[in-house]
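See below for target.csv, which holds CSV, N, CA and C atoms.
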```csv
chain,number,residue,atom,x,y,z
A,1,MET,N,-8.9,3.9,-21.5
A,1,MET,CA,-9.8,4.2,-20.4
A,1,MET,C,-9.1,5.1,-19.4
A,2,ARG,N,-9.5,6.3,-19.3
A,2,ARG,CA,-8.9,7.3,-18.4
A,2,ARG,C,-9.2,7.0,-16.9
A,3,GLY,N,-8.3,7.2,-16.0
A,3,GLY,CA,-8.5,7.0,-14.6
A,3,GLY,C,-8.3,5.7,-14.1
A,4,THR,N,-7.9,4.7,-14.9
A,4,THR,CA,-7.7,3.4,-14.4
A,4,THR,C,-6.2,3.1,-14.4
A,5,SER,N,-5.4,3.9,-14.9
A,5,SER,CA,-3.9,3.7,-14.9
A,5,SER,C,-3.4,4.0,-13.4
A,6,THR,N,-2.4,3.2,-13.0
A,6,THR,CA,-1.9,3.4,-11.7
A,6,THR,C,-0.9,4.5,-11.7
A,7,SER,N,-0.5,5.0,-12.8
A,7,SER,CA,0.5,6.1,-12.9
A,7,SER,C,-0.1,7.5,-12.9
A,8,GLY,N,-1.4,7.6,-13.1
A,8,GLY,CA,-2.1,8.9,-13.2
A,8,GLY,C,-3.6,8.7,-13.0
A,9,GLY,N,-4.3,9.8,-13.0
A,9,GLY,CA,-5.7,9.8,-12.8
A,9,GLY,C,-6.0,9.7,-11.4
A,10,PHE,N,-7.3,9.3,-11.1
A,10,PHE,CA,-7.8,9.2,-9.8
A,10,PHE,C,-7.1,8.1,-9.0
A,11,ILE,N,-6.9,7.0,-9.6
A,11,ILE,CA,-6.3,5.9,-8.8
A,11,ILE,C,-4.8,6.2,-8.5
A,12,GLY,N,-4.1,6.9,-9.4
A,12,GLY,CA,-2.7,7.3,-9.1
A,12,GLY,C,-2.7,8.2,-7.9
A,13,ARG,N,-3.6,9.2,-7.9
A,13,ARG,CA,-3.6,10.2,-6.8
A,13,ARG,C,-4.0,9.5,-5.5
A,14,ALA,N,-5.0,8.6,-5.6
A,14,ALA,CA,-5.4,7.8,-4.4
A,14,ALA,C,-4.2,7.0,-3.8
A,15,LEU,N,-3.5,6.4,-4.7
A,15,LEU,CA,-2.3,5.6,-4.2
A,15,LEU,C,-1.3,6.4,-3.6
A,16,VAL,N,-1.0,7.6,-4.1
A,16,VAL,CA,0.0,8.5,-3.5
A,16,VAL,C,-0.5,8.9,-2.1
A,17,GLY,N,-1.8,9.3,-2.0
A,17,GLY,CA,-2.4,9.7,-0.8
A,17,GLY,C,-2.4,8.6,0.3
A,18,LEU,N,-2.7,7.4,-0.2
A,18,LEU,CA,-2.7,6.3,0.7
A,18,LEU,C,-1.3,5.9,1.2
A,19,VAL,N,-0.4,5.9,0.3
A,19,VAL,CA,1.0,5.6,0.8
A,19,VAL,C,1.5,6.7,1.7
A,20,ILE,N,1.2,7.9,1.5
A,20,ILE,CA,1.6,9.0,2.4
A,20,ILE,C,1.0,8.7,3.8
A,21,PHE,N,-0.3,8.4,3.8
A,21,PHE,CA,-1.0,8.1,5.0
A,21,PHE,C,-0.4,6.9,5.7
A,22,LEU,N,0.0,5.8,5.0
A,22,LEU,CA,0.6,4.7,5.6
A,22,LEU,C,1.9,5.0,6.2
A,23,VAL,N,2.7,5.8,5.6
A,23,VAL,CA,4.0,6.2,6.2
A,23,VAL,C,3.8,7.0,7.5
A,24,LEU,N,2.9,8.0,7.4
A,24,LEU,CA,2.7,8.8,8.6
A,24,LEU,C,2.0,8.0,9.7
A,25,SER,N,1.1,7.2,9.4
A,25,SER,CA,0.4,6.4,10.5
A,25,SER,C,1.4,5.4,11.0
A,26,ALA,N,2.3,4.8,10.2
A,26,ALA,CA,3.3,3.9,10.7
A,26,ALA,C,4.3,4.6,11.7
A,27,ALA,N,4.6,5.8,11.3
A,27,ALA,CA,5.5,6.6,12.2
A,27,ALA,C,4.8,6.9,13.5
A,28,TYR,N,3.5,7.2,13.5
A,28,TYR,CA,2.8,7.5,14.7
A,28,TYR,C,2.7,6.2,15.5
A,29,LEU,N,2.3,5.1,14.9
A,29,LEU,CA,2.1,3.9,15.6
A,29,LEU,C,3.4,3.4,16.3
A,30,TYR,N,4.5,3.6,15.6
A,30,TYR,CA,5.8,3.1,16.2
A,30,TYR,C,6.3,4.0,17.3
A,31,THR,N,6.0,5.3,17.1
A,31,THR,CA,6.5,6.3,18.1
A,31,THR,C,5.7,6.4,19.3
A,32,PHE,N,4.4,6.3,19.2
A,32,PHE,CA,3.5,6.5,20.4
A,32,PHE,C,2.6,5.3,20.6
A,33,PRO,N,3.2,4.1,21.0
A,33,PRO,CA,2.3,3.0,21.3
A,33,PRO,C,1.6,3.2,22.6
A,34,GLN,N,0.3,3.4,22.5
A,34,GLN,CA,-0.6,3.7,23.7
A,34,GLN,C,-1.9,2.8,23.6
A,35,PRO,N,-2.3,2.3,24.7
A,35,PRO,CA,-3.6,1.6,24.7
A,35,PRO,C,-4.8,2.5,24.9
A,36,ASN,N,-5.1,3.3,23.8
A,36,ASN,CA,-6.2,4.2,23.9
A,36,ASN,C,-7.0,4.1,22.6
A,37,ILE,N,-8.2,4.7,22.6
A,37,ILE,CA,-9.1,4.6,21.4
A,37,ILE,C,-8.5,5.2,20.1
A,38,PRO,N,-7.9,6.4,20.2
A,38,PRO,CA,-7.4,6.9,18.9
A,38,PRO,C,-6.3,6.0,18.3
A,39,TYR,N,-5.4,5.4,19.2
A,39,TYR,CA,-4.4,4.5,18.7
A,39,TYR,C,-5.0,3.3,18.0
A,40,ALA,N,-6.0,2.7,18.6
A,40,ALA,CA,-6.7,1.6,18.0
A,40,ALA,C,-7.4,2.0,16.7
A,41,GLY,N,-7.9,3.2,16.6
A,41,GLY,CA,-8.5,3.7,15.3
A,41,GLY,C,-7.4,3.8,14.2
A,42,VAL,N,-6.3,4.3,14.6
A,42,VAL,CA,-5.2,4.5,13.6
A,42,VAL,C,-4.7,3.1,13.2
A,43,VAL,N,-4.7,2.2,14.1
A,43,VAL,CA,-4.3,0.8,13.7
A,43,VAL,C,-5.3,0.2,12.7
A,44,LEU,N,-6.5,0.4,12.9
A,44,LEU,CA,-7.6,-0.1,12.0
A,44,LEU,C,-7.5,0.6,10.6
A,45,LEU,N,-7.3,1.9,10.6
A,45,LEU,CA,-7.2,2.7,9.4
A,45,LEU,C,-6.0,2.3,8.6
A,46,HIS,N,-4.9,2.1,9.3
A,46,HIS,CA,-3.6,1.7,8.7
A,46,HIS,C,-3.8,0.3,8.0
A,47,ALA,N,-4.4,-0.6,8.7
A,47,ALA,CA,-4.6,-1.9,8.1
A,47,ALA,C,-5.5,-1.8,6.9
A,48,LEU,N,-6.6,-1.1,7.0
A,48,LEU,CA,-7.5,-0.9,5.8
A,48,LEU,C,-6.8,-0.2,4.6
A,49,ALA,N,-6.0,0.8,4.9
A,49,ALA,CA,-5.3,1.5,3.8
A,49,ALA,C,-4.3,0.5,3.2
A,50,GLY,N,-3.7,-0.3,4.0
A,50,GLY,CA,-2.7,-1.3,3.4
A,50,GLY,C,-3.4,-2.3,2.5
A,51,VAL,N,-4.5,-2.7,2.9
A,51,VAL,CA,-5.3,-3.7,2.0
A,51,VAL,C,-5.7,-3.0,0.8
A,52,LEU,N,-6.2,-1.8,0.9
A,52,LEU,CA,-6.7,-1.0,-0.3
A,52,LEU,C,-5.5,-0.8,-1.3
A,53,VAL,N,-4.3,-0.4,-0.8
A,53,VAL,CA,-3.2,-0.2,-1.6
A,53,VAL,C,-2.8,-1.5,-2.3
A,54,ALA,N,-2.8,-2.6,-1.6
A,54,ALA,CA,-2.5,-3.9,-2.2
A,54,ALA,C,-3.5,-4.2,-3.3
A,55,VAL,N,-4.7,-4.0,-3.1
A,55,VAL,CA,-5.7,-4.3,-4.1
A,55,VAL,C,-5.6,-3.4,-5.3
A,56,LEU,N,-5.3,-2.1,-5.1
A,56,LEU,CA,-5.2,-1.2,-6.2
A,56,LEU,C,-3.9,-1.4,-7.0
A,57,LEU,N,-2.9,-2.1,-6.5
A,57,LEU,CA,-1.7,-2.3,-7.2
A,57,LEU,C,-1.7,-3.6,-8.0
A,58,ILE,N,-2.8,-4.4,-7.8
A,58,ILE,CA,-2.8,-5.7,-8.5
A,58,ILE,C,-2.7,-5.6,-10.0
A,59,PRO,N,-3.4,-4.6,-10.7
A,59,PRO,CA,-3.3,-4.5,-12.2
A,59,PRO,C,-1.9,-4.2,-12.6
A,60,ALA,N,-1.2,-3.3,-11.9
A,60,ALA,CA,0.2,-2.9,-12.2
A,60,ALA,C,1.1,-4.1,-12.0
A,61,PHE,N,0.8,-4.9,-10.9
A,61,PHE,CA,1.6,-6.1,-10.6
A,61,PHE,C,1.5,-7.1,-11.7
A,62,VAL,N,0.3,-7.4,-12.2
A,62,VAL,CA,0.1,-8.3,-13.3
A,62,VAL,C,0.8,-7.9,-14.5
A,63,ARG,N,0.7,-6.6,-14.9
A,63,ARG,CA,1.3,-6.0,-16.0
A,63,ARG,C,2.9,-6.2,-15.9
A,64,LEU,N,3.4,-5.9,-14.7
A,64,LEU,CA,4.8,-6.0,-14.5
A,64,LEU,C,5.3,-7.4,-14.6
A,65,MET,N,4.5,-8.4,-14.1
A,65,MET,CA,4.9,-9.8,-14.2
A,65,MET,C,5.1,-10.3,-15.7
A,66,ARG,N,4.3,-9.6,-16.6
A,66,ARG,CA,4.4,-10.0,-18.0
A,66,ARG,C,5.6,-9.4,-18.7
A,67,THR,N,5.9,-8.1,-18.3
A,67,THR,CA,6.8,-7.4,-19.2
A,67,THR,C,8.1,-7.0,-18.4
A,68,GLY,N,8.2,-7.1,-17.1
A,68,GLY,CA,9.3,-6.7,-16.4
A,68,GLY,C,10.6,-7.6,-16.5
A,69,SER,N,11.7,-7.1,-16.1
A,69,SER,CA,12.9,-7.9,-16.1
A,69,SER,C,12.8,-8.9,-14.9
A,70,PHE,N,13.8,-9.8,-15.0
A,70,PHE,CA,13.8,-10.8,-13.9
A,70,PHE,C,14.0,-10.2,-12.5
A,71,SER,N,14.9,-9.3,-12.4
A,71,SER,CA,15.1,-8.7,-11.1
A,71,SER,C,13.9,-7.9,-10.6
A,72,SER,N,13.3,-7.1,-11.5
A,72,SER,CA,12.1,-6.4,-11.1
A,72,SER,C,10.9,-7.3,-10.7
A,73,ARG,N,10.8,-8.4,-11.5
A,73,ARG,CA,9.7,-9.3,-11.1
A,73,ARG,C,10.0,-10.0,-9.8
A,74,ALA,N,11.3,-10.3,-9.5
A,74,ALA,CA,11.6,-11.0,-8.2
A,74,ALA,C,11.4,-10.0,-7.1
A,75,GLY,N,11.8,-8.8,-7.2
A,75,GLY,CA,11.5,-7.8,-6.2
A,75,GLY,C,10.1,-7.5,-5.9
A,76,TRP,N,9.3,-7.3,-6.9
A,76,TRP,CA,7.9,-7.1,-6.7
A,76,TRP,C,7.1,-8.3,-6.2
A,77,LEU,N,7.6,-9.5,-6.6
A,77,LEU,CA,7.0,-10.7,-6.1
A,77,LEU,C,7.3,-10.8,-4.6
A,78,LEU,N,8.5,-10.4,-4.1
A,78,LEU,CA,8.7,-10.4,-2.7
A,78,LEU,C,7.9,-9.4,-1.9
A,79,ILE,N,7.6,-8.3,-2.5
A,79,ILE,CA,6.8,-7.3,-1.9
A,79,ILE,C,5.3,-7.8,-1.9
A,80,ALA,N,4.9,-8.4,-2.9
A,80,ALA,CA,3.5,-9.0,-2.9
A,80,ALA,C,3.4,-10.1,-1.9
A,81,VAL,N,4.4,-10.9,-1.7
A,81,VAL,CA,4.3,-11.9,-0.7
A,81,VAL,C,4.2,-11.3,0.7
A,82,GLY,N,5.0,-10.2,0.9
A,82,GLY,CA,5.0,-9.5,2.2
A,82,GLY,C,3.6,-8.9,2.4
A,83,ALA,N,3.0,-8.4,1.4
A,83,ALA,CA,1.6,-7.8,1.5
A,83,ALA,C,0.6,-8.8,1.9
A,84,VAL,N,0.7,-10.0,1.3
A,84,VAL,CA,-0.2,-11.1,1.6
A,84,VAL,C,0.0,-11.7,3.0
A,85,VAL,N,1.3,-11.9,3.4
A,85,VAL,CA,1.6,-12.4,4.7
A,85,VAL,C,1.2,-11.5,5.8
A,86,ASP,N,1.5,-10.2,5.6
A,86,ASP,CA,1.3,-9.2,6.6
A,86,ASP,C,-0.2,-9.0,6.8
```
Go ahead and express the file in the form of structure tokens.
Amino acid sequence: MRGTSTSGGFIGRALVGLVIFLVLSAAYLYTFPQPNIPYAGVVLLHALAGVLVAVLLIPAFVRLMRTGSFSSRAGWLLIAVGAVVD
């Protein structure tokens, strides 16, 4: 099924774009903490993008838990826990 792989297709491009947005918005939020409407909007978009990335990575995470090495499973499990807690 084309387009459902996390390494290519639409989902892969969406993940790359979302991660780039997350990095840039995190840099903006850290650098310019201001109590204004655009800042609040970026906070909301950053949170929504983070949730979307976490949901889109679930199939890859499940596949990795089945086939990955112990160290890669442990690392990705810590990242998943961080995504859920955050």
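In terms of minimum interatomic distance to Ala54 (chain A), A:Val84 ranks closest within A:Ile11, A:Ala74, A:Val84, A:Ala40, counting all atoms listed in the file.
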- Could you jot down the CA of Leu29 (chain A) to CA of Ala83 (chain A) separation for me, Å, one decimal place? 18.3 Å
- Query: Which of these residues is nearest to Ala80 (chain A), using only C-alpha atoms: A:Met65, A:Leu15, A:Leu24, A:Ala49?
  - Reply: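 Smallest distance to Ala80 (chain A) is found for A:Met65.
Between atom C of Gly17 (chain A) and atom C of Leu57 (chain A) the interatomic distance comes to 14.8 Å.
Proximity of A:Val62, A:Val51, A:Ala14, A:Val43 to Ala26 (chain A), computed with only C-alpha atoms, is greatest for A:Val43.
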